[in-house]
>>> print(open('upload_2.csv').read())   # CSV, C-alpha atoms and all ligand atoms
chain,number,residue,atom,x,y,z
A,1,GLY,CA,-11.1,-9.7,32.0
A,2,ARG,CA,-12.4,-13.2,32.3
A,3,TYR,CA,-15.6,-13.3,34.3
A,4,SER,CA,-16.8,-16.8,35.2
A,5,GLN,CA,-19.6,-16.1,37.7
A,6,THR,CA,-23.0,-17.1,36.2
A,7,PRO,CA,-26.2,-15.0,36.6
A,8,GLU,CA,-27.6,-17.6,39.0
A,9,GLU,CA,-24.4,-17.5,41.2
A,10,MET,CA,-24.4,-13.7,41.4
A,11,ALA,CA,-28.1,-13.5,42.1
A,12,ALA,CA,-27.7,-16.0,45.0
A,13,ILE,CA,-24.9,-14.0,46.6
A,14,ILE,CA,-26.9,-10.8,46.3
A,15,GLY,CA,-29.8,-12.8,47.8
A,16,ASP,CA,-27.7,-13.2,51.0
A,17,PHE,CA,-27.1,-9.5,51.1
A,18,LEU,CA,-30.8,-8.8,50.7
A,19,GLU,CA,-31.7,-11.2,53.5
A,20,ALA,CA,-29.1,-9.5,55.7
A,21,GLY,CA,-31.0,-6.2,55.2
A,22,ILE,CA,-27.9,-4.3,54.0
A,23,VAL,CA,-29.0,-3.4,50.4
A,24,ASN,CA,-30.4,-0.1,49.2
A,25,ILE,CA,-29.3,-0.2,45.6
A,26,VAL,CA,-27.9,-3.1,43.6
A,27,GLY,CA,-26.4,-3.2,40.1
A,28,GLY,CA,-23.6,-4.7,38.1
A,29,CYS,CA,-20.1,-3.7,36.9
A,30,CYS,CA,-17.5,-5.3,34.6
A,31,GLY,CA,-18.6,-8.7,33.3
A,32,THR,CA,-22.2,-8.3,34.4
A,33,THR,CA,-24.4,-9.0,31.4
A,34,ASP,CA,-28.1,-8.4,30.8
A,35,ALA,CA,-28.7,-12.0,31.9
A,36,HIS,CA,-27.0,-11.1,35.3
A,37,ILE,CA,-29.1,-8.0,35.7
A,38,ALA,CA,-32.3,-10.0,34.9
A,39,ALA,CA,-31.4,-12.7,37.5
A,40,ILE,CA,-30.6,-10.0,40.1
A,41,ALA,CA,-33.9,-8.2,39.4
A,42,ARG,CA,-35.9,-11.5,39.8
A,43,ARG,CA,-34.1,-12.2,43.1
A,44,VAL,CA,-34.9,-8.6,44.3
A,45,GLU,CA,-38.5,-9.0,43.4
A,46,GLU,CA,-38.7,-12.3,45.2
A,47,ALA,CA,-37.2,-10.8,48.3
A,48,GLY,CA,-39.7,-8.0,48.1
A,49,ARG,CA,-42.6,-10.5,47.9
A,50,ALA,CA,-41.1,-12.4,50.9
A,51,GLY,CA,-41.4,-9.1,52.9
A,52,ILE,CA,-37.6,-8.6,53.3
A,53,PRO,CA,-37.1,-4.9,53.9
A,54,VAL,CA,-34.6,-2.7,52.3
A,55,ARG,CA,-31.8,-1.3,54.4
A,56,GLN,CA,-32.9,1.6,56.6
A,57,PRO,CA,-30.4,4.5,56.2
A,58,GLN,CA,-28.7,5.4,59.5
A,59,PRO,CA,-29.4,8.8,60.9
A,60,LEU,CA,-26.7,11.3,59.9
A,61,PRO,CA,-24.1,11.8,62.7
A,62,THR,CA,-24.3,14.9,64.8
A,63,THR,CA,-20.8,14.5,66.2
A,64,LEU,CA,-17.9,16.6,64.9
A,65,THR,CA,-15.1,14.2,64.2
A,66,LEU,CA,-11.6,15.7,63.8
A,67,ALA,CA,-8.5,13.6,63.4
A,68,GLY,CA,-4.8,13.5,63.6
A,69,LEU,CA,-3.6,10.0,63.6
A,70,GLU,CA,-6.3,9.4,66.2
A,71,PRO,CA,-9.9,10.5,65.8
A,72,LEU,CA,-11.3,13.2,68.1
A,73,HIS,CA,-15.1,12.9,68.5
A,74,ILE,CA,-16.8,16.1,69.7
A,75,PRO,CA,-20.5,15.6,70.5
A,76,ALA,CA,-22.9,18.5,69.9
A,77,THR,CA,-23.1,19.2,73.6
A,78,GLY,CA,-21.2,18.4,76.8
A,79,ALA,CA,-17.6,18.5,75.6
A,80,PHE,CA,-14.9,21.1,76.0
A,81,THR,CA,-11.9,21.1,73.7
A,82,PRO,CA,-8.9,23.3,74.5
A,83,VAL,CA,-6.8,24.3,71.5
A,84,GLY,CA,-3.1,25.1,72.1
A,85,GLU,CA,-2.3,28.7,71.2
A,86,ARG,CA,1.5,28.7,71.5
A,87,CYS,CA,2.6,27.6,68.0
A,88,ASN,CA,1.7,31.1,66.8
A,89,VAL,CA,4.4,33.5,65.6
A,90,ALA,CA,2.0,36.4,66.3
A,91,GLY,CA,1.1,35.2,69.8
A,92,SER,CA,4.5,34.1,71.1
A,93,ARG,CA,7.8,35.9,70.9
A,94,LYS,CA,9.6,32.7,71.6
A,95,PHE,CA,7.9,30.7,68.8
A,96,LEU,CA,8.5,33.6,66.4
A,97,ARG,CA,12.2,33.6,67.3
A,98,LEU,CA,12.5,29.8,67.0
A,99,ILE,CA,11.0,29.9,63.5
A,100,LYS,CA,13.1,32.9,62.4
A,101,GLU,CA,16.2,31.1,63.6
A,102,GLY,CA,15.2,27.8,62.0
A,103,ALA,CA,15.3,26.1,65.4
A,104,TYR,CA,12.5,23.7,64.4
A,105,ASP,CA,13.3,21.0,67.0
A,106,GLU,CA,12.5,23.5,69.7
A,107,ALA,CA,9.5,24.7,67.9
A,108,LEU,CA,8.3,21.1,67.7
A,109,ALA,CA,8.9,20.7,71.4
A,110,ILE,CA,6.4,23.6,72.0
A,111,ALA,CA,3.8,21.6,70.1
A,112,ARG,CA,4.5,18.5,72.1
A,113,LYS,CA,4.5,20.3,75.5
A,114,GLN,CA,1.0,21.8,74.8
A,115,ILE,CA,-0.4,18.3,74.3
A,116,GLU,CA,1.2,17.2,77.5
A,117,ASP,CA,-0.4,20.2,79.2
A,118,GLY,CA,-3.9,19.1,77.9
A,119,ALA,CA,-4.4,20.7,74.5
A,120,ARG,CA,-6.5,18.4,72.3
A,121,VAL,CA,-6.0,20.4,69.1
A,122,ILE,CA,-2.9,22.5,68.1
A,123,ASP,CA,-3.3,25.9,66.5
A,124,ILE,CA,-0.6,26.8,64.0
A,125,ASN,CA,0.0,30.4,62.8
A,126,MET,CA,2.9,31.6,60.7
A,127,ASP,CA,1.6,35.1,59.8
A,128,ASP,CA,4.5,37.5,60.2
A,129,GLY,CA,5.6,40.1,57.8
A,130,LEU,CA,9.2,38.9,57.8
A,131,LEU,CA,8.4,35.3,57.2
A,132,ASP,CA,7.4,33.3,54.1
A,133,ALA,CA,4.3,32.1,55.8
A,134,GLU,CA,3.3,29.6,53.1
A,135,HIS,CA,6.7,28.0,53.2
A,136,GLU,CA,6.9,28.0,57.0
A,137,MET,CA,3.4,26.5,57.3
A,138,ARG,CA,4.1,23.7,54.9
A,139,HIS,CA,7.5,23.0,56.6
A,140,PHE,CA,6.1,23.0,60.1
A,141,VAL,CA,3.0,20.9,59.3
A,142,ASN,CA,5.3,18.3,57.6
A,143,LEU,CA,7.7,18.4,60.5
A,144,ILE,CA,5.1,17.8,63.2
A,145,SER,CA,3.3,15.3,61.1
A,146,ALA,CA,6.3,13.0,61.5
A,147,ASP,CA,6.2,13.1,65.3
A,148,PRO,CA,3.6,10.6,66.5
A,149,ASP,CA,3.2,12.3,69.9
A,150,VAL,CA,2.1,15.5,68.1
A,151,CYS,CA,0.3,14.4,65.0
A,152,ARG,CA,-2.1,12.2,66.9
A,153,VAL,CA,-4.1,15.3,67.6
A,154,PRO,CA,-5.9,17.4,64.9
A,155,PHE,CA,-4.4,20.7,63.7
A,156,MET,CA,-6.0,24.1,63.5
A,157,ILE,CA,-4.6,26.0,60.5
A,158,ASP,CA,-4.6,29.6,61.6
A,159,SER,CA,-3.9,32.2,58.9
A,160,SER,CA,-5.5,35.3,57.4
A,161,LYS,CA,-4.0,34.4,54.0
A,162,TRP,CA,-5.9,31.8,52.0
A,163,ALA,CA,-2.7,30.7,50.2
A,164,VAL,CA,-1.3,29.7,53.5
A,165,VAL,CA,-4.4,27.8,54.5
A,166,ARG,CA,-4.3,26.0,51.1
A,167,ALA,CA,-0.7,25.1,51.5
A,168,ALA,CA,-1.5,23.5,54.8
A,169,LEU,CA,-4.6,21.7,53.5
A,170,LYS,CA,-2.5,20.1,50.9
A,171,CYS,CA,-0.1,18.4,53.3
A,172,VAL,CA,-2.1,17.9,56.5
A,173,GLN,CA,-3.1,14.4,57.6
A,174,GLY,CA,-6.4,13.5,59.1
A,175,LYS,CA,-9.2,16.1,59.4
A,176,CYS,CA,-8.1,19.5,60.5
A,177,VAL,CA,-9.9,22.8,61.3
A,178,VAL,CA,-9.4,25.8,59.0
A,179,ASN,CA,-9.0,29.0,61.2
A,180,SER,CA,-10.6,30.9,59.7
A,181,ILE,CA,-13.1,32.2,57.0
A,182,SER,CA,-15.4,35.2,57.2
A,183,LEU,CA,-17.7,37.4,55.2
A,184,LYS,CA,-15.1,40.2,55.3
A,185,GLU,CA,-14.6,40.1,51.6
A,186,GLY,CA,-18.2,39.2,50.7
A,187,GLU,CA,-20.2,36.1,50.0
A,188,GLU,CA,-18.3,35.0,46.9
A,189,ALA,CA,-14.9,34.7,48.5
A,190,PHE,CA,-16.5,33.2,51.6
A,191,LEU,CA,-18.2,30.5,49.6
A,192,ASP,CA,-15.1,29.8,47.4
A,193,HIS,CA,-13.1,29.2,50.6
A,194,ALA,CA,-15.9,27.1,52.1
A,195,ARG,CA,-16.1,24.9,49.1
A,196,GLU,CA,-12.4,24.5,48.8
A,197,LEU,CA,-11.9,23.5,52.5
A,198,ARG,CA,-14.9,21.1,52.1
A,199,ARG,CA,-13.1,19.3,49.3
A,200,TYR,CA,-10.3,18.6,51.7
A,201,GLY,CA,-12.8,17.5,54.3
A,202,ALA,CA,-11.8,20.1,56.9
A,203,ALA,CA,-14.0,21.7,59.6
A,204,VAL,CA,-13.9,25.4,59.9
A,205,VAL,CA,-13.8,28.4,62.3
A,206,VAL,CA,-16.1,31.2,61.1
A,207,MET,CA,-15.3,34.6,62.5
A,208,ALA,CA,-18.1,37.1,63.1
A,209,PHE,CA,-16.8,39.5,60.5
A,210,ASP,CA,-18.6,40.9,57.5
A,211,GLU,CA,-18.3,43.5,54.8
A,212,GLU,CA,-18.8,46.2,57.5
A,213,GLY,CA,-16.1,44.9,59.7
A,214,GLN,CA,-15.7,43.0,63.0
A,215,ALA,CA,-18.8,42.4,65.0
A,216,THR,CA,-18.6,43.9,68.5
A,217,THR,CA,-22.2,43.9,69.7
A,218,CYS,CA,-24.2,40.8,70.6
A,219,GLU,CA,-26.7,41.6,67.8
A,220,ARG,CA,-24.1,41.9,65.1
A,221,ARG,CA,-22.2,38.8,66.3
A,222,VAL,CA,-25.4,36.7,66.0
A,223,THR,CA,-26.6,38.3,62.7
A,224,ILE,CA,-23.3,37.5,61.0
A,225,CYS,CA,-23.1,34.0,62.3
A,226,ARG,CA,-26.7,33.2,61.2
A,227,ARG,CA,-25.9,34.5,57.7
A,228,ALA,CA,-22.7,32.5,57.5
A,229,TYR,CA,-24.5,29.3,58.8
A,230,ARG,CA,-27.2,29.6,56.1
A,231,LEU,CA,-24.6,30.0,53.4
A,232,LEU,CA,-22.4,27.2,54.6
A,233,THR,CA,-25.2,24.7,55.2
A,234,GLU,CA,-27.6,25.6,52.3
A,235,VAL,CA,-25.2,26.7,49.6
A,236,ALA,CA,-21.8,25.2,50.3
A,237,GLY,CA,-23.2,21.9,51.7
A,238,LEU,CA,-21.2,21.8,54.9
A,239,PRO,CA,-22.6,19.6,57.7
A,240,PRO,CA,-23.6,21.9,60.6
A,241,GLN,CA,-21.4,20.1,63.1
A,242,ASP,CA,-18.3,21.0,61.0
A,243,ILE,CA,-18.9,24.7,61.7
A,244,ILE,CA,-17.3,26.4,64.7
A,245,PHE,CA,-18.4,30.0,65.3
A,246,ASP,CA,-15.9,32.5,66.7
A,247,PRO,CA,-17.9,35.5,67.9
A,248,ASN,CA,-14.7,37.5,68.6
A,249,VAL,CA,-13.1,37.6,72.1
A,250,LEU,CA,-12.0,41.2,72.4
A,251,ALA,CA,-10.0,43.0,75.1
A,252,VAL,CA,-11.9,44.3,78.1
A,253,CYS,CA,-10.7,46.5,81.0
A,254,THR,CA,-8.8,48.7,78.6
A,255,GLY,CA,-9.9,52.0,80.1
A,256,MET,CA,-12.3,52.7,77.2
A,257,ALA,CA,-15.9,52.6,78.2
A,258,GLU,CA,-17.0,51.2,74.8
A,259,HIS,CA,-15.1,48.0,75.5
A,260,ASP,CA,-16.8,47.3,78.8
A,261,GLY,CA,-19.6,45.2,77.3
A,262,TYR,CA,-17.4,43.1,75.0
A,263,ALA,CA,-17.2,39.9,77.2
A,264,ALA,CA,-20.8,40.0,78.4
A,265,ASP,CA,-22.0,40.5,74.8
A,266,PHE,CA,-19.8,37.6,73.6
A,267,ILE,CA,-21.4,35.4,76.3
A,268,ARG,CA,-24.9,36.4,75.3
A,269,ALA,CA,-24.1,35.7,71.7
A,270,VAL,CA,-22.8,32.2,72.6
A,271,SER,CA,-26.1,31.5,74.3
A,272,ILE,CA,-28.2,32.6,71.3
A,273,LEU,CA,-26.0,30.8,68.7
A,274,ARG,CA,-26.0,27.5,70.6
A,275,SER,CA,-29.8,27.5,71.1
A,276,GLU,CA,-30.6,28.5,67.5
A,277,MET,CA,-27.9,26.3,65.8
A,278,PRO,CA,-27.3,23.5,68.3
A,279,LEU,CA,-25.1,21.3,66.1
A,280,ALA,CA,-22.6,24.1,65.4
A,281,HIS,CA,-19.8,24.8,67.9
A,282,VAL,CA,-18.4,27.9,69.5
A,283,SER,CA,-14.8,28.9,70.0
A,284,GLY,CA,-12.7,32.0,70.8
A,285,GLY,CA,-9.2,33.2,71.4
A,286,VAL,CA,-9.5,33.6,75.2
A,287,SER,CA,-6.1,35.3,75.7
A,288,ASN,CA,-7.3,38.2,73.6
A,289,LEU,CA,-9.6,39.1,76.5
A,290,SER,CA,-6.8,40.2,78.8
A,291,PHE,CA,-4.4,42.1,76.5
A,292,ALA,CA,-4.7,45.1,78.8
A,293,PHE,CA,-3.0,43.1,81.5
A,294,ARG,CA,0.1,42.0,79.6
A,295,GLY,CA,2.8,41.1,82.1
A,296,HIS,CA,0.3,40.4,84.9
A,297,ASN,CA,-0.1,36.7,84.3
A,298,LEU,CA,-2.1,36.0,87.5
A,299,ILE,CA,-4.7,38.6,86.6
A,300,ARG,CA,-4.8,37.4,83.0
A,301,GLU,CA,-5.3,33.7,84.0
A,302,ALA,CA,-8.0,34.7,86.5
A,303,MET,CA,-9.8,36.7,83.9
A,304,HIS,CA,-9.7,33.7,81.5
A,305,ALA,CA,-11.0,31.3,84.2
A,306,VAL,CA,-14.0,33.6,85.0
A,307,PHE,CA,-14.7,34.2,81.3
A,308,LEU,CA,-14.6,30.5,80.5
A,309,HIS,CA,-16.7,29.6,83.5
A,310,HIS,CA,-19.6,31.8,82.2
A,311,ALA,CA,-19.1,31.1,78.5
A,312,ARG,CA,-18.9,27.3,78.9
A,313,ALA,CA,-22.1,27.4,80.9
A,314,VAL,CA,-23.9,28.7,77.9
A,315,GLY,CA,-22.3,26.4,75.3
A,316,MET,CA,-18.8,27.6,74.3
A,317,ASP,CA,-17.1,24.3,73.7
A,318,PHE,CA,-13.8,25.2,72.1
A,319,ALA,CA,-11.2,27.7,73.4
A,320,ILE,CA,-7.8,28.7,72.0
A,321,VAL,CA,-5.8,28.9,75.2
A,322,ASN,CA,-2.4,28.5,76.8
A,323,ALA,CA,-3.0,25.0,78.2
A,324,ALA,CA,-0.1,25.2,80.6
A,325,THR,CA,-1.5,28.1,82.6
A,326,LEU,CA,-5.3,27.4,82.5
A,327,MET,CA,-6.7,28.2,85.9
A,328,ARG,CA,-9.8,26.5,87.2
A,329,TYR,CA,-12.7,28.8,88.3
A,330,ASP,CA,-12.4,27.6,91.9
A,331,GLU,CA,-8.7,28.6,91.9
A,332,VAL,CA,-9.4,32.3,91.2
A,333,PRO,CA,-8.1,34.2,94.2
A,334,GLU,CA,-11.1,35.5,96.3
A,335,VAL,CA,-9.6,39.0,96.4
A,336,LEU,CA,-9.7,39.3,92.6
A,337,ARG,CA,-13.1,37.7,92.0
A,338,PRO,CA,-15.4,40.8,92.5
A,339,ALA,CA,-13.2,43.0,90.2
A,340,ILE,CA,-12.9,40.3,87.6
A,341,ASP,CA,-16.6,39.4,87.7
A,342,ASP,CA,-17.3,43.0,87.1
A,343,GLY,CA,-14.8,43.3,84.2
A,344,VAL,CA,-15.6,40.0,82.5
A,345,ALA,CA,-19.3,39.3,83.0
A,346,ALA,CA,-20.6,42.8,83.3
A,401,LIG,N1,-9.8,33.6,67.2
A,401,LIG,C1,-9.4,32.7,66.3
A,401,LIG,N2,-8.0,32.5,66.1
A,401,LIG,C2,-7.2,33.2,66.8
A,401,LIG,C3,-7.6,34.2,67.7
A,401,LIG,C4,-9.0,34.4,67.9
A,401,LIG,N3,-5.8,33.0,66.7
A,401,LIG,C5,-4.9,33.9,67.3
A,401,LIG,C6,-5.4,34.4,68.6
A,401,LIG,N4,-6.7,34.9,68.5
A,401,LIG,C7,-5.3,33.4,69.7
A,401,LIG,N5,-4.0,33.1,70.0
A,401,LIG,C8,-3.3,33.8,71.0
A,401,LIG,C9,-2.0,33.5,71.2
A,401,LIG,C10,-1.3,34.2,72.2
A,401,LIG,C11,-1.9,35.3,72.8
A,401,LIG,C12,-3.1,35.6,72.5
A,401,LIG,C13,-3.9,34.9,71.6
A,401,LIG,C14,-1.1,36.0,73.9
A,401,LIG,N6,0.2,36.0,73.9
A,401,LIG,C15,0.9,36.6,74.9
A,401,LIG,C16,0.9,38.2,74.7
A,401,LIG,O1,0.8,38.6,73.5
A,401,LIG,O2,0.9,38.9,75.7
A,401,LIG,C17,2.3,36.0,74.9
A,401,LIG,C18,3.5,36.8,74.7
A,401,LIG,C19,4.7,35.9,74.5
A,401,LIG,O3,4.8,34.9,75.1
A,401,LIG,O4,5.5,36.4,73.7
A,401,LIG,O5,-1.7,36.7,74.7
A,401,LIG,O6,-9.5,35.2,68.7
A,401,LIG,N7,-10.2,31.9,65.6
>>> encode(input="upload_2.csv", output="structure tokens", more="lines below")
Ligand code: THG
Amino acid sequence: GRYSQTPEEMAAIIGDFLEAGIVNIVGGCCGTTDAHIAAIARRVEEAGRAGIPVRQPQPLPTTLTLAGLEPLHIPATGAFTPVGERCNVAGSRKFLRLIKEGAYDEALAIARKQIEDGARVIDINMDDGLLDAEHEMRHFVNLISADPDVCRVPFMIDSSKWAVVRAALKCVQGKCVVNSISLKEGEEAFLDHARELRRYGAAVVVMAFDEEGQATTCERRVTICRRAYRLLTEVAGLPPQDIIFDPNVLAVCTGMAEHDGYAADFIRAVSILRSEMPLAHVSGGVSNLSFAFRGHNLIREAMHAVFLHHARAVGMDFAIVNAATLMRYDEVPEVLRPAIDDGVAA
């Protein structure tokens, strides 16, 4: 190229930046000769003698920022983010049928409806034995990415197959959440997945699962999440606010005594995780809680309301839910409350 700026001109411009206090490091690029560098160095020394301070780095953000077309800022505390559960072939017979039939317009309408109903993130799951999940994930993400009402919110990419997650990461816009990674297959696979999703800038749900299996007690939930947190922040270099723990919402009131403490243990684990790792978030698939009451929607929704009331109070700040049927705590019918309190918060 042809570079006409003289060393004196360049040093003067940089002098303005120095005086504005916006410089930490200064150097040259194409066309900058040793005479330019010398002039810049003299100007920097001069500014130093004049007591002009270098730029003070800003504190690192502690907010989790996700994005579709619009950013979604989630502070470390005080927010609650409902994630729509209905675009899930394993969690909705209707959605499964629509995807199998190729009725994508109706499938898209389900995503749109959830946002109208208050979902602020959309979970997408195509894991079904009879579907090409990779293909369906890519197709659906591309489809909803062309609908501005839907793709303004961030997506949560839900799959137990890494190839499906990767297919989505390659076509998703904005900053999504990978749902999920875990220590199920050991540290190496865990770190590989963490580093890969990090390259795409995604946030991540970490399930309380390790080489021994799914955590069901409070102690194992916390121990596994602690270990995952250390690996993610110290080895894979993830910012703590991009980590969303999922300590496993499991079905209660199943008739099996060993399931009785599942919800109370979850809530205790949330409290410990949030106090030890305050920048990381906590989520869970709330509808799992009430699988024993399939077909009894009023009871299911009342259970979810009571559970969320207690879990939110100790810091659960995400929940995968059916946004259309969310019941407020004060709407739980009085006649149900004692039994549900007993079952959910035992
Ligand atoms: N944690 C994380 N991700 C998850 C879960 C979790 N993803 C999937 C699931 N669990 C959360 N999503 C759902 C979606 C639907 C239902 C439960 C959990 C559900 N569906 C009804 C049923 O099966 O009875 C609806 C039936 C129908 O309409 O066909 O309950 O825990 N990270």
>>> closest_atom_pairs(input="upload_2.csv", of="chain A", to="ligand LIG 401 (chain A)", cutoff="7 Å", atoms="all atoms listed in the file", output="CSV")
residue,atom,partner,partner_atom,distance
A:Glu85,CA,A:LIG401,C9,4.8
A:Arg86,CA,A:LIG401,C9,5.9
A:Asn88,CA,A:LIG401,C9,6.2
A:Ala90,CA,A:LIG401,C9,7.0
A:Gly91,CA,A:LIG401,C10,3.5
A:Ser92,CA,A:LIG401,O4,3.6
A:Arg93,CA,A:LIG401,O4,3.7
A:Lys94,CA,A:LIG401,O4,5.9
A:Asp158,CA,A:LIG401,N3,6.2
A:Asn179,CA,A:LIG401,N7,5.4
A:Ser180,CA,A:LIG401,N7,6.0
A:Val205,CA,A:LIG401,N7,6.0
A:Met207,CA,A:LIG401,N7,6.6
A:Asp246,CA,A:LIG401,N7,5.8
A:Asn248,CA,A:LIG401,O6,5.7
A:Val249,CA,A:LIG401,O6,5.5
A:Gly284,CA,A:LIG401,N1,4.9
A:Gly285,CA,A:LIG401,O6,3.4
A:Val286,CA,A:LIG401,O6,6.7
A:Ser287,CA,A:LIG401,C12,4.4
A:Asn288,CA,A:LIG401,C12,5.1
A:Phe291,CA,A:LIG401,O2,6.2
A:Arg294,CA,A:LIG401,O2,5.0
A:Ile320,CA,A:LIG401,C7,5.8
A:Val321,CA,A:LIG401,C8,6.9
>>> closest_residue(input="upload_2.csv", among="A:Met137, A:Ala67, A:Ala38, A:Ala146", to="Leu169 (chain A)", atoms="all atoms listed in the file")
A:Met137
>>> closest_residue(input="upload_2.csv", among="A:Arg312, A:Leu289, A:Ala39, A:Phe318", to="Ile340 (chain A)", atoms="only C-alpha atoms")
A:Leu289
>>> atom_distance(input="upload_2.csv", atom1="CA of Ser275 (chain A)", atom2="CA of Thr217 (chain A)")
18.1 Å
>>> closest_residue(input="upload_2.csv", among="A:Arg226, A:Ala313, A:Ala323, A:Ile25", to="Cys87 (chain A)", atoms="all atoms listed in the file")
A:Ala323
>>> build_atoms(input="upload_2.csv", residues="region 265-284 of chain A", atoms="N, CA and C atoms", output="PDB file, in the coordinates of the input")
ATOM      1  N   ASP A 265     -21.287  40.660  76.061  1.00  0.00           N
ATOM      2  CA  ASP A 265     -22.000  40.500  74.800  1.00  0.00           C
ATOM      3  C   ASP A 265     -21.539  39.228  74.064  1.00  0.00           C
ATOM      4  N   PHE A 266     -20.270  38.859  74.210  1.00  0.00           N
ATOM      5  CA  PHE A 266     -19.800  37.600  73.600  1.00  0.00           C
ATOM      6  C   PHE A 266     -20.602  36.441  74.242  1.00  0.00           C
ATOM      7  N   ILE A 267     -20.713  36.456  75.565  1.00  0.00           N
ATOM      8  CA  ILE A 267     -21.400  35.400  76.300  1.00  0.00           C
ATOM      9  C   ILE A 267     -22.861  35.282  75.892  1.00  0.00           C
ATOM     10  N   ARG A 268     -23.501  36.434  75.790  1.00  0.00           N
ATOM     11  CA  ARG A 268     -24.900  36.400  75.300  1.00  0.00           C
ATOM     12  C   ARG A 268     -25.009  35.867  73.930  1.00  0.00           C
ATOM     13  N   ALA A 269     -24.073  36.234  73.067  1.00  0.00           N
ATOM     14  CA  ALA A 269     -24.100  35.700  71.700  1.00  0.00           C
ATOM     15  C   ALA A 269     -23.928  34.208  71.663  1.00  0.00           C
ATOM     16  N   VAL A 270     -23.037  33.686  72.498  1.00  0.00           N
ATOM     17  CA  VAL A 270     -22.800  32.200  72.600  1.00  0.00           C
ATOM     18  C   VAL A 270     -24.154  31.542  72.874  1.00  0.00           C
ATOM     19  N   SER A 271     -24.842  32.069  73.852  1.00  0.00           N
ATOM     20  CA  SER A 271     -26.100  31.500  74.300  1.00  0.00           C
ATOM     21  C   SER A 271     -27.119  31.419  73.151  1.00  0.00           C
ATOM     22  N   ILE A 272     -27.239  32.510  72.411  1.00  0.00           N
ATOM     23  CA  ILE A 272     -28.200  32.600  71.300  1.00  0.00           C
ATOM     24  C   ILE A 272     -27.779  31.619  70.175  1.00  0.00           C
ATOM     25  N   LEU A 273     -26.506  31.661  69.818  1.00  0.00           N
ATOM     26  CA  LEU A 273     -26.000  30.800  68.700  1.00  0.00           C
ATOM     27  C   LEU A 273     -26.240  29.349  69.016  1.00  0.00           C
ATOM     28  N   ARG A 274     -25.929  28.949  70.249  1.00  0.00           N
ATOM     29  CA  ARG A 274     -26.000  27.500  70.600  1.00  0.00           C
ATOM     30  C   ARG A 274     -27.501  27.077  70.665  1.00  0.00           C
ATOM     31  N   SER A 275     -28.410  27.985  71.032  1.00  0.00           N
ATOM     32  CA  SER A 275     -29.800  27.500  71.100  1.00  0.00           C
ATOM     33  C   SER A 275     -30.417  27.536  69.674  1.00  0.00           C
ATOM     34  N   GLU A 276     -29.989  28.447  68.813  1.00  0.00           N
ATOM     35  CA  GLU A 276     -30.600  28.500  67.500  1.00  0.00           C
ATOM     36  C   GLU A 276     -29.930  27.434  66.534  1.00  0.00           C
ATOM     37  N   MET A 277     -28.629  27.184  66.712  1.00  0.00           N
ATOM     38  CA  MET A 277     -27.900  26.300  65.800  1.00  0.00           C
ATOM     39  C   MET A 277     -27.152  25.256  66.647  1.00  0.00           C
ATOM     40  N   PRO A 278     -27.896  24.334  67.268  1.00  0.00           N
ATOM     41  CA  PRO A 278     -27.300  23.500  68.300  1.00  0.00           C
ATOM     42  C   PRO A 278     -26.219  22.533  67.836  1.00  0.00           C
ATOM     43  N   LEU A 279     -26.145  22.248  66.539  1.00  0.00           N
ATOM     44  CA  LEU A 279     -25.100  21.300  66.100  1.00  0.00           C
ATOM     45  C   LEU A 279     -23.777  22.040  65.817  1.00  0.00           C
ATOM     46  N   ALA A 280     -23.827  23.365  65.628  1.00  0.00           N
ATOM     47  CA  ALA A 280     -22.600  24.100  65.400  1.00  0.00           C
ATOM     48  C   ALA A 280     -21.917  24.407  66.723  1.00  0.00           C
ATOM     49  N   HIS A 281     -20.609  24.569  66.682  1.00  0.00           N
ATOM     50  CA  HIS A 281     -19.800  24.800  67.900  1.00  0.00           C
ATOM     51  C   HIS A 281     -19.403  26.225  68.041  1.00  0.00           C
ATOM     52  N   VAL A 282     -18.850  26.568  69.226  1.00  0.00           N
ATOM     53  CA  VAL A 282     -18.400  27.900  69.500  1.00  0.00           C
ATOM     54  C   VAL A 282     -17.008  27.937  70.083  1.00  0.00           C
ATOM     55  N   SER A 283     -16.140  28.771  69.527  1.00  0.00           N
ATOM     56  CA  SER A 283     -14.800  28.900  70.000  1.00  0.00           C
ATOM     57  C   SER A 283     -14.413  30.353  70.210  1.00  0.00           C
ATOM     58  N   GLY A 284     -13.211  30.589  70.699  1.00  0.00           N
ATOM     59  CA  GLY A 284     -12.700  32.000  70.800  1.00  0.00           C
ATOM     60  C   GLY A 284     -11.271  31.960  71.282  1.00  0.00           C
TER      61      GLY A 284
END
